[in-house]
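Here's coords_39.cif, which has mmCIF, C-alpha atoms and all ligand atoms:
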data_my_file
loop_
_atom_site.label_atom_id
_atom_site.label_comp_id
_atom_site.auth_asym_id
_atom_site.auth_seq_id
_atom_site.Cartn_x
_atom_site.Cartn_y
_atom_site.Cartn_z
CA MET A 1 94.21 -125.62 100.94
CA HIS A 2 90.63 -125.60 99.64
CA LYS A 3 89.71 -129.23 98.83
CA LYS A 4 88.58 -128.29 95.32
CA ILE A 5 91.88 -126.50 94.59
CA ALA A 6 93.91 -129.42 95.97
CA ARG A 7 92.07 -131.60 93.45
CA TRP A 8 93.17 -129.30 90.59
CA VAL A 9 96.78 -129.63 91.68
CA GLN A 10 96.44 -133.41 91.95
CA ASP A 11 94.91 -133.54 88.46
CA LYS A 12 97.80 -131.48 87.09
CA GLN A 13 100.23 -134.00 88.56
CA ASN A 14 98.26 -136.84 86.96
CA GLY A 15 97.84 -135.12 83.61
CA ILE A 16 94.04 -134.91 83.96
CA LYS A 17 92.65 -131.90 82.06
CA ARG A 18 90.07 -129.54 83.51
CA ALA A 19 87.49 -127.42 81.70
CA VAL A 20 86.52 -123.86 82.60
CA VAL A 21 83.93 -121.63 80.93
CA THR A 22 82.98 -118.06 81.61
CA ALA A 23 79.56 -117.46 83.10
CA TYR A 24 77.89 -114.17 83.77
CA ASP A 25 74.47 -115.18 85.10
CA TYR A 26 72.47 -117.84 86.95
CA PRO A 27 70.94 -119.92 84.13
CA LEU A 28 74.19 -120.45 82.24
CA ALA A 29 76.07 -121.15 85.48
CA CYS A 30 73.45 -123.86 86.15
CA CYS A 31 74.06 -125.29 82.65
CA ALA A 32 77.83 -125.34 83.20
CA ALA A 33 77.47 -127.07 86.56
CA ALA A 34 75.03 -129.64 85.17
CA ALA A 35 77.40 -130.38 82.27
CA GLY A 36 80.27 -131.24 84.61
CA VAL A 37 82.39 -128.17 83.92
CA HIS A 38 85.06 -127.86 86.62
CA GLY A 39 85.32 -124.10 86.94
CA VAL A 40 83.29 -121.05 85.99
CA LEU A 41 84.92 -117.68 85.49
CA VAL A 42 82.96 -114.52 86.03
CA GLY A 43 85.16 -112.73 83.52
CA ASP A 44 85.30 -109.00 82.96
CA SER A 45 84.87 -110.11 79.35
CA LEU A 46 81.21 -109.55 80.26
CA GLY A 47 81.89 -105.93 79.33
CA MET A 48 82.36 -107.02 75.73
CA VAL A 49 80.24 -110.17 75.57
CA VAL A 50 77.17 -109.02 77.50
CA THR A 51 77.23 -105.22 77.29
CA GLY A 52 78.66 -104.91 73.77
CA ALA A 53 81.62 -102.65 74.64
CA ASP A 54 84.82 -102.72 72.55
CA ASP A 55 87.03 -103.61 75.52
CA THR A 56 86.83 -104.51 79.22
CA LEU A 57 87.96 -101.19 80.69
CA GLY A 58 84.51 -99.90 81.59
CA VAL A 59 83.57 -102.80 83.86
CA THR A 60 83.22 -101.83 87.54
CA LEU A 61 83.76 -103.76 90.75
CA GLU A 62 80.07 -103.39 91.61
CA GLN A 63 79.11 -104.99 88.29
CA MET A 64 81.55 -107.85 88.93
CA ALA A 65 80.08 -108.43 92.39
CA TYR A 66 76.55 -108.34 90.97
CA HIS A 67 77.33 -110.97 88.33
CA THR A 68 79.39 -113.06 90.76
CA ARG A 69 76.38 -113.37 93.07
CA MET A 70 74.21 -114.62 90.17
CA VAL A 71 76.81 -117.15 89.05
CA VAL A 72 77.51 -118.47 92.55
CA ARG A 73 73.82 -119.32 92.99
CA GLY A 74 73.96 -121.63 89.96
CA ALA A 75 77.55 -122.87 90.09
CA GLY A 76 77.00 -126.02 92.18
CA ASP A 77 80.33 -127.84 92.56
CA CYS A 78 82.21 -125.63 90.10
CA LEU A 79 85.09 -123.59 91.45
CA VAL A 80 84.07 -119.95 90.93
CA PHE A 81 86.72 -117.54 89.64
CA ALA A 82 85.99 -113.80 89.45
CA ASP A 83 88.00 -111.06 87.73
CA LEU A 84 89.19 -107.89 89.38
CA PRO A 85 88.25 -105.23 86.84
CA PHE A 86 90.52 -102.51 85.48
CA GLY A 87 91.43 -99.78 87.96
CA THR A 88 90.58 -101.71 91.13
CA TYR A 89 93.92 -103.36 92.01
CA GLU A 90 96.87 -101.98 90.03
CA LYS A 91 97.85 -99.27 92.53
CA GLY A 92 99.02 -101.75 95.15
CA PRO A 93 98.38 -104.67 97.46
CA GLU A 94 95.94 -102.89 99.77
CA GLN A 95 93.75 -101.65 96.94
CA ALA A 96 93.76 -105.17 95.51
CA TRP A 97 92.88 -106.73 98.83
CA ASP A 98 89.88 -104.42 99.28
CA ALA A 99 88.58 -105.26 95.80
CA ALA A 100 89.23 -108.97 96.28
CA ALA A 101 87.31 -108.88 99.56
CA THR A 102 84.28 -107.47 97.73
CA LEU A 103 84.28 -110.39 95.28
CA LEU A 104 84.92 -112.95 98.03
CA ARG A 105 81.90 -111.57 99.88
CA ALA A 106 79.93 -111.99 96.65
CA GLY A 107 80.83 -115.68 96.84
CA ALA A 108 83.84 -116.16 94.54
CA ASP A 109 86.38 -118.86 95.47
CA VAL A 110 89.31 -117.52 93.45
CA ILE A 111 90.12 -113.93 92.45
CA LYS A 112 91.84 -113.30 89.12
CA LEU A 113 94.04 -110.33 88.24
CA GLU A 114 96.06 -109.43 85.16
CA GLY A 115 99.78 -108.76 85.12
CA GLY A 116 103.23 -110.32 85.44
CA ALA A 117 106.05 -110.17 87.97
CA GLU A 118 105.17 -106.55 88.82
CA MET A 119 102.01 -107.96 90.49
CA ALA A 120 103.91 -110.51 92.62
CA PRO A 121 103.92 -108.36 95.79
CA THR A 122 100.16 -107.87 95.40
CA VAL A 123 99.62 -111.61 94.90
CA ALA A 124 101.72 -112.37 97.99
CA PHE A 125 99.87 -109.80 100.10
CA CYS A 126 96.45 -111.20 99.14
CA ALA A 127 97.52 -114.85 99.34
CA GLU A 128 98.83 -114.33 102.87
CA ARG A 129 95.52 -112.78 103.87
CA GLY A 130 93.03 -115.39 102.82
CA VAL A 131 92.57 -114.83 99.09
CA ASN A 132 93.11 -117.52 96.44
CA ILE A 133 94.64 -115.69 93.51
CA CYS A 134 94.60 -116.67 89.85
CA ALA A 135 97.18 -114.70 87.85
CA HIS A 136 96.64 -113.88 84.14
CA ILE A 137 99.53 -113.29 81.74
CA GLY A 138 100.11 -113.17 78.01
CA LEU A 139 97.37 -111.20 76.31
CA THR A 140 95.98 -109.18 79.21
CA PRO A 141 92.98 -107.34 77.72
CA GLN A 142 92.99 -104.60 80.35
CA ARG A 143 96.25 -103.32 78.79
CA VAL A 144 94.82 -103.03 75.29
CA ARG A 145 95.26 -99.23 75.20
CA GLN A 146 99.04 -99.68 75.48
CA TRP A 147 99.06 -102.18 72.64
CA GLY A 148 96.36 -100.70 70.43
CA SER A 149 94.82 -104.09 69.69
CA PHE A 150 94.39 -107.60 71.07
CA GLN A 151 97.48 -109.42 69.85
CA GLN A 152 99.32 -112.64 70.63
CA GLN A 153 102.13 -112.29 73.18
CA GLY A 154 105.39 -114.15 73.76
CA THR A 155 106.13 -114.53 70.06
CA ASP A 156 109.79 -113.40 70.24
CA ALA A 157 112.48 -114.90 72.44
CA ASP A 158 112.66 -111.89 74.81
CA SER A 159 108.96 -111.69 75.54
CA ALA A 160 108.73 -115.49 75.84
CA ARG A 161 111.49 -115.41 78.46
CA ARG A 162 109.73 -112.58 80.25
CA LEU A 163 106.45 -114.52 80.37
CA GLN A 164 108.24 -117.59 81.74
CA ALA A 165 109.82 -115.43 84.44
CA ASP A 166 106.42 -113.83 85.16
CA ALA A 167 104.76 -117.21 85.64
CA GLY A 168 107.55 -118.33 87.98
CA ALA A 169 107.38 -115.13 90.04
CA LEU A 170 103.59 -115.28 90.36
CA ALA A 171 103.63 -118.95 91.41
CA GLU A 172 106.43 -118.19 93.87
CA ALA A 173 104.35 -115.31 95.29
CA GLY A 174 101.53 -117.73 96.10
CA ALA A 175 99.17 -117.61 93.11
CA ARG A 176 97.06 -120.79 92.95
CA PHE A 177 96.50 -120.71 89.16
CA VAL A 178 97.73 -118.82 86.15
CA VAL A 179 95.77 -118.06 82.98
CA LEU A 180 97.87 -118.04 79.80
CA GLU A 181 96.06 -116.12 77.08
CA ALA A 182 97.08 -115.98 73.42
CA VAL A 183 100.65 -117.23 73.70
CA PRO A 184 102.42 -119.77 71.45
CA ASP A 185 101.59 -123.41 72.19
CA ALA A 186 105.21 -124.37 72.92
CA LEU A 187 105.63 -121.51 75.39
CA ALA A 188 102.41 -122.48 77.21
CA ALA A 189 103.66 -126.08 77.37
CA ASP A 190 107.02 -124.95 78.80
CA ILE A 191 105.38 -122.75 81.45
CA THR A 192 102.98 -125.57 82.36
CA ARG A 193 105.97 -127.86 82.92
CA ASP A 194 107.96 -125.20 84.83
CA ILE A 195 105.47 -124.40 87.57
CA ALA A 196 103.64 -126.53 90.13
CA ILE A 197 100.35 -124.61 89.98
CA PRO A 198 97.74 -125.37 87.29
CA THR A 199 97.84 -123.34 84.08
CA ILE A 200 94.57 -122.44 82.38
CA GLY A 201 94.95 -121.73 78.69
CA ILE A 202 92.94 -119.76 76.15
CA GLY A 203 94.47 -119.49 72.71
CA ALA A 204 97.51 -121.21 74.22
CA GLY A 205 97.33 -124.69 72.68
CA PRO A 206 96.41 -128.08 74.11
CA ASP A 207 99.21 -128.55 76.65
CA THR A 208 97.99 -126.36 79.50
CA ASP A 209 96.48 -128.09 82.56
CA ALA A 210 93.05 -126.62 81.89
CA GLN A 211 91.24 -124.73 79.14
CA VAL A 212 88.92 -121.77 79.47
CA LEU A 213 86.45 -120.70 76.81
CA VAL A 214 84.09 -117.77 76.76
CA MET A 215 80.61 -119.27 77.20
CA HIS A 216 79.02 -117.11 74.49
CA ASP A 217 81.74 -118.10 71.99
CA LEU A 218 81.23 -121.80 72.81
CA LEU A 219 77.45 -121.45 72.39
CA GLY A 220 77.74 -119.40 69.20
CA ILE A 221 75.92 -116.40 70.63
CA SER A 222 78.70 -113.80 70.75
CA ALA A 223 78.76 -110.99 68.23
CA LYS A 224 82.40 -111.70 67.42
CA SER A 225 84.78 -114.33 68.72
CA PRO A 226 88.55 -114.72 68.53
CA PRO A 227 90.00 -117.16 65.98
CA PHE A 228 91.02 -119.66 68.68
CA ALA A 229 87.48 -120.01 70.09
CA ARG A 230 85.34 -122.97 69.04
CA ARG A 231 81.59 -122.54 68.50
CA TYR A 232 80.08 -125.86 69.62
CA ILE A 233 76.61 -124.82 68.49
CA GLU A 234 75.27 -121.97 66.39
CA GLY A 235 73.27 -120.63 69.31
CA SER A 236 72.28 -117.34 67.69
CA GLN A 237 70.78 -119.23 64.74
CA ILE A 238 68.89 -121.65 67.02
CA MET A 239 67.50 -118.78 69.08
CA ARG A 240 66.60 -116.70 66.01
CA ASP A 241 64.68 -119.68 64.60
CA ALA A 242 62.78 -120.16 67.87
CA LEU A 243 61.91 -116.48 68.07
CA ALA A 244 60.78 -116.38 64.44
CA GLU A 245 58.56 -119.40 65.08
CA TYR A 246 57.01 -117.60 68.02
CA VAL A 247 56.34 -114.53 65.88
CA ARG A 248 54.71 -116.78 63.23
CA ASP A 249 52.59 -118.57 65.85
CA VAL A 250 51.30 -115.30 67.29
CA GLY A 251 50.53 -114.05 63.77
CA ASN A 252 48.59 -117.25 62.93
CA ASN A 253 46.69 -117.28 66.21
CA GLY A 254 48.68 -120.45 67.00
CA PHE A 255 49.89 -119.19 70.34
CA PRO A 256 48.52 -119.33 72.95
CA PRO A 257 46.15 -122.27 72.27
CA ARG A 258 42.44 -121.57 72.70
CA ARG A 259 41.15 -122.79 76.08
CA LYS A 260 37.73 -124.17 77.06
CA CYS A 261 37.15 -121.53 79.71
O1 LIG A 301 87.32 -112.19 81.17
C1 LIG A 301 87.58 -113.30 80.68
O2 LIG A 301 86.71 -113.96 80.08
C2 LIG A 301 88.92 -113.85 80.85
C3 LIG A 301 89.25 -115.12 80.16
C4 LIG A 301 89.32 -114.93 78.69
C5 LIG A 301 90.48 -115.75 80.69
O3 LIG A 301 89.72 -113.24 81.53
NA NA A 302 89.12 -111.15 82.13
#
As structure tokens:
Amino acid sequence: MHKKIARWVQDKQNGIKRAVVTAYDYPLACCAAAAGVHGVLVGDSLGMVVTGADDTLGVTLEQMAYHTRMVVRGAGDCLVFADLPFGTYEKGPEQAWDAAATLLRAGADVIKLEGGAEMAPTVAFCAERGVNICAHIGLTPQRVRQWGSFQQQGTDADSARRLQADAGALAEAGARFVVLEAVPDALAADITRDIAIPTIGIGAGPDTDAQVLVMHDLLGISAKSPPFARRYIEGSQIMRDALAEYVRDVGNNGFPPRRKC
């Protein structure tokens, strides 16, 4: 097993929490690495966060590879996760393996795909052929057109049981991690206890092994963020102020300073 992944498993066993943020480019990957973040996710959320789309369905594999290369250059010791985008893996294991290979060549350490037990054969196929897979269950944004909106999952007993079974099947198939998105806290805690691989939560309460936050939500620079995100700074305001100061300086002849020659 990859030394860095073995460390995640060890930390799960010891109850040591790990922090993941999304990153889509080099400078913010550098910031994450310098801050001691443990993992960076090149999420297909970039379709919404960076390109302004309403969902993630338009993101292509080429775009994911492009952003993965940028992030890898800045990621330092962070484990780099990259998302398989919509339409590049759902047809079957071989399609998924081809897409995963593209992101591995771009430098990703772990490849993430959405879906439950129905993806277990795909996870097994990839895991047996050199790919570290991170599964993603609960709110899986690539399925938004079936649901009509982004909504919490696992809120009734049946769907909670199904998610528990999904997590077990994916871990059994050889997934190295599982993301739990927008599920009740108690369910996320149960799944985290049930399986030996690390769980990474978002909108899933404090009891998962790791947390992931969208970088632009954390920095306060996303146009809209989900209720469970925390804005650690009001980045948009800070940047607007800096830009307005620049505009003022140029208007006042205050920038650039006059030089002797
Ligand atoms: O694309 C993304 O940012 C994600 C996380 C929210 C888990 O998949
Ligand atoms: Na994603």
For ligand NA 302 (chain A), which residue out of A:Asn252, A:Ser45, A:Thr155, A:Asn132 is the nearest one, using all atoms listed in the file?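 Among A:Asn252, A:Ser45, A:Thr155, A:Asn132, it is A:Ser45 that comes nearest to ligand NA 302 (chain A).
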Show me the residues close to (105.9, -116.5, 87.0) - anything with an atom within 9 Å, counting only C-alpha atoms - and format the list as a list in words.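 In the file's frame, the residues around the point are Gly116, Ala117, Ala120, Ala135, Ile137, Arg162, Leu163, Gln164, Ala165, Asp166, Ala167, Gly168, Ala169, Leu170, Ala171, Glu172, Ala173, Val178, Ile191 and Ile195 of chain A.
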Take the selection from the previous step and output its residues with C-alpha atoms, as a PDB file, in the coordinates of the input.
ATOM      1  CA  GLY A 116     103.230-110.320  85.440  1.00  0.00           C
ATOM      2  CA  ALA A 117     106.050-110.170  87.970  1.00  0.00           C
ATOM      3  CA  ALA A 120     103.910-110.510  92.620  1.00  0.00           C
ATOM      4  CA  ALA A 135      97.180-114.700  87.850  1.00  0.00           C
ATOM      5  CA  ILE A 137      99.530-113.290  81.740  1.00  0.00           C
ATOM      6  CA  ARG A 162     109.730-112.580  80.250  1.00  0.00           C
ATOM      7  CA  LEU A 163     106.450-114.520  80.370  1.00  0.00           C
ATOM      8  CA  GLN A 164     108.240-117.590  81.740  1.00  0.00           C
ATOM      9  CA  ALA A 165     109.820-115.430  84.440  1.00  0.00           C
ATOM     10  CA  ASP A 166     106.420-113.830  85.160  1.00  0.00           C
ATOM     11  CA  ALA A 167     104.760-117.210  85.640  1.00  0.00           C
ATOM     12  CA  GLY A 168     107.550-118.330  87.980  1.00  0.00           C
ATOM     13  CA  ALA A 169     107.380-115.130  90.040  1.00  0.00           C
ATOM     14  CA  LEU A 170     103.590-115.280  90.360  1.00  0.00           C
ATOM     15  CA  ALA A 171     103.630-118.950  91.410  1.00  0.00           C
ATOM     16  CA  GLU A 172     106.430-118.190  93.870  1.00  0.00           C
ATOM     17  CA  ALA A 173     104.350-115.310  95.290  1.00  0.00           C
ATOM     18  CA  VAL A 178      97.730-118.820  86.150  1.00  0.00           C
ATOM     19  CA  ILE A 191     105.380-122.750  81.450  1.00  0.00           C
ATOM     20  CA  ILE A 195     105.470-124.400  87.570  1.00  0.00           C
TER      21      ILE A 195
END
Step by step, measure atom-to-atom distances between ligand NA 302 (chain A) and each residue using all atoms listed in the file, keep those at most 6 Å, then write them as a CSV table (one decimal) with C-alpha atoms, in the frame of the given file.
chain,number,residue,atom,x,y,z
A,43,GLY,CA,85.2,-112.7,83.5
A,44,ASP,CA,85.3,-109.0,83.0
A,45,SER,CA,84.9,-110.1,79.4
A,83,ASP,CA,88.0,-111.1,87.7
Which is closer to ligand LIG 301 (chain A) than all the others in A:Arg143, A:Arg69, A:Arg240, A:Lys112, using only C-alpha atoms and all ligand atoms? A:Lys112
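For the set A:Arg145, A:Arg258, A:His67, A:Arg129, the residue with the smallest atom-to-atom gap to Gly107 of chain A is A:His67, counting all atoms listed in the file.
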Restricting the calculation to only C-alpha atoms, which member of A:Val49, A:Val131, A:Leu28, A:Leu103 is positioned closest to Gln63 of chain A?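 Among the listed residues, A:Leu103 lies closest to Gln63 of chain A.
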I'd like the box whose edges run along x, y and z of the file and which contains every listed atom of ligand LIG 301 (chain A), padded by 8 Å per side; could you state its centre and edge lengths in Å, one decimal, as AutoDock Vina command-line options?
--center_x 88.6 --center_y -114.0 --center_z 80.1 --size_x 19.8 --size_y 19.6 --size_z 18.8
Neighbours of ligand LIG 301 (chain A) within 8 Å, counting all atoms listed in the file, as a list in words? Thr22, Leu41, Val42, Gly43, Asp44, Ser45, Leu46, Thr56, Asp83, Lys112, His136, Thr140, Pro141, Val179, Leu180, Glu181, Gly201, Ile202, Val212, Leu213 and Val214 of chain A
Using all atoms listed in the file, give me every residue within 10 Å of (88.5, -115.0, 68.3) in file coordinates, as a PyMOL selection string. chain A and resi 150+203+214+217+224-230
With C-alpha atoms kept, could you save the residues just selected as an mmCIF file, keeping the file's coordinate frame?
data_model
loop_
_atom_site.group_PDB
_atom_site.id
_atom_site.type_symbol
_atom_site.label_atom_id
_atom_site.label_comp_id
_atom_site.auth_asym_id
_atom_site.auth_seq_id
_atom_site.Cartn_x
_atom_site.Cartn_y
_atom_site.Cartn_z
ATOM 1 C CA PHE A 150 94.390 -107.600 71.070
ATOM 2 C CA GLY A 203 94.470 -119.490 72.710
ATOM 3 C CA VAL A 214 84.090 -117.770 76.760
ATOM 4 C CA ASP A 217 81.740 -118.100 71.990
ATOM 5 C CA LYS A 224 82.400 -111.700 67.420
ATOM 6 C CA SER A 225 84.780 -114.330 68.720
ATOM 7 C CA PRO A 226 88.550 -114.720 68.530
ATOM 8 C CA PRO A 227 90.000 -117.160 65.980
ATOM 9 C CA PHE A 228 91.020 -119.660 68.680
ATOM 10 C CA ALA A 229 87.480 -120.010 70.090
ATOM 11 C CA ARG A 230 85.340 -122.970 69.040
#
Which residues come within 12 Å of His2 of chain A, counting all atoms listed in the file, excluding same-chain residues fewer than 4 positions away, as number ranges by chain? A: 6-9, 79, 109-110, 130-132, 176
So how many Å separate atom CA of Asp98 of chain A and atom CA of Leu84 of chain A, to one decimal?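 Computing it gives 10.5 Å between the two atoms.
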So the first atom is atom CA of Pro27 of chain A and the second is atom CA of Ala75 of chain A; what is the distance between them in Å, to one decimal place?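 Answer for the atom CA of Pro27 of chain A to atom CA of Ala75 of chain A separation: 9.4 Å.
Within 12 Å of Met239 of chain A, once all atoms listed in the file are used and residues closer than 5 positions along the same chain are dropped, the contacting residues are A:Leu219, A:Gly220, A:Ile221, A:Ile233, A:Glu234, A:Ala244, A:Glu245, A:Tyr246.
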Quick one: segment 219-232 of chain A with N, CA and C atoms, as an mmCIF file, keeping the file's coordinate frame?
data_model
loop_
_atom_site.group_PDB
_atom_site.id
_atom_site.type_symbol
_atom_site.label_atom_id
_atom_site.label_comp_id
_atom_site.auth_asym_id
_atom_site.auth_seq_id
_atom_site.Cartn_x
_atom_site.Cartn_y
_atom_site.Cartn_z
ATOM 1 N N LEU A 219 78.855 -121.245 72.755
ATOM 2 C CA LEU A 219 77.450 -121.450 72.390
ATOM 3 C C LEU A 219 77.079 -120.776 71.068
ATOM 4 N N GLY A 220 78.019 -120.055 70.472
ATOM 5 C CA GLY A 220 77.740 -119.400 69.200
ATOM 6 C C GLY A 220 76.760 -118.243 69.329
ATOM 7 N N ILE A 221 76.832 -117.540 70.452
ATOM 8 C CA ILE A 221 75.920 -116.400 70.630
ATOM 9 C C ILE A 221 76.693 -115.092 70.851
ATOM 10 N N SER A 222 78.005 -115.084 70.615
ATOM 11 C CA SER A 222 78.700 -113.800 70.750
ATOM 12 C C SER A 222 78.754 -113.111 69.397
ATOM 13 N N ALA A 223 78.765 -111.783 69.460
ATOM 14 C CA ALA A 223 78.760 -110.990 68.230
ATOM 15 C C ALA A 223 80.026 -111.266 67.429
ATOM 16 N N LYS A 224 81.162 -111.286 68.107
ATOM 17 C CA LYS A 224 82.400 -111.700 67.420
ATOM 18 C C LYS A 224 83.233 -112.520 68.395
ATOM 19 N N SER A 225 83.953 -113.500 67.848
ATOM 20 C CA SER A 225 84.780 -114.330 68.720
ATOM 21 C C SER A 225 86.192 -114.418 68.141
ATOM 22 N N PRO A 226 87.174 -114.630 69.014
ATOM 23 C CA PRO A 226 88.550 -114.720 68.530
ATOM 24 C C PRO A 226 88.761 -115.990 67.715
ATOM 25 N N PRO A 227 89.796 -116.007 66.868
ATOM 26 C CA PRO A 227 90.000 -117.160 65.980
ATOM 27 C C PRO A 227 90.216 -118.476 66.727
ATOM 28 N N PHE A 228 90.734 -118.417 67.966
ATOM 29 C CA PHE A 228 91.020 -119.660 68.680
ATOM 30 C C PHE A 228 89.793 -120.228 69.399
ATOM 31 N N ALA A 229 88.677 -119.496 69.418
ATOM 32 C CA ALA A 229 87.480 -120.010 70.090
ATOM 33 C C ALA A 229 86.810 -121.074 69.211
ATOM 34 N N ARG A 230 86.118 -122.008 69.815
ATOM 35 C CA ARG A 230 85.340 -122.970 69.040
ATOM 36 C C ARG A 230 83.866 -122.811 69.377
ATOM 37 N N ARG A 231 83.047 -122.642 68.313
ATOM 38 C CA ARG A 231 81.590 -122.540 68.500
ATOM 39 C C ARG A 231 81.035 -123.957 68.435
ATOM 40 N N TYR A 232 80.585 -124.480 69.576
ATOM 41 C CA TYR A 232 80.080 -125.860 69.620
ATOM 42 C C TYR A 232 78.666 -125.963 69.073
#
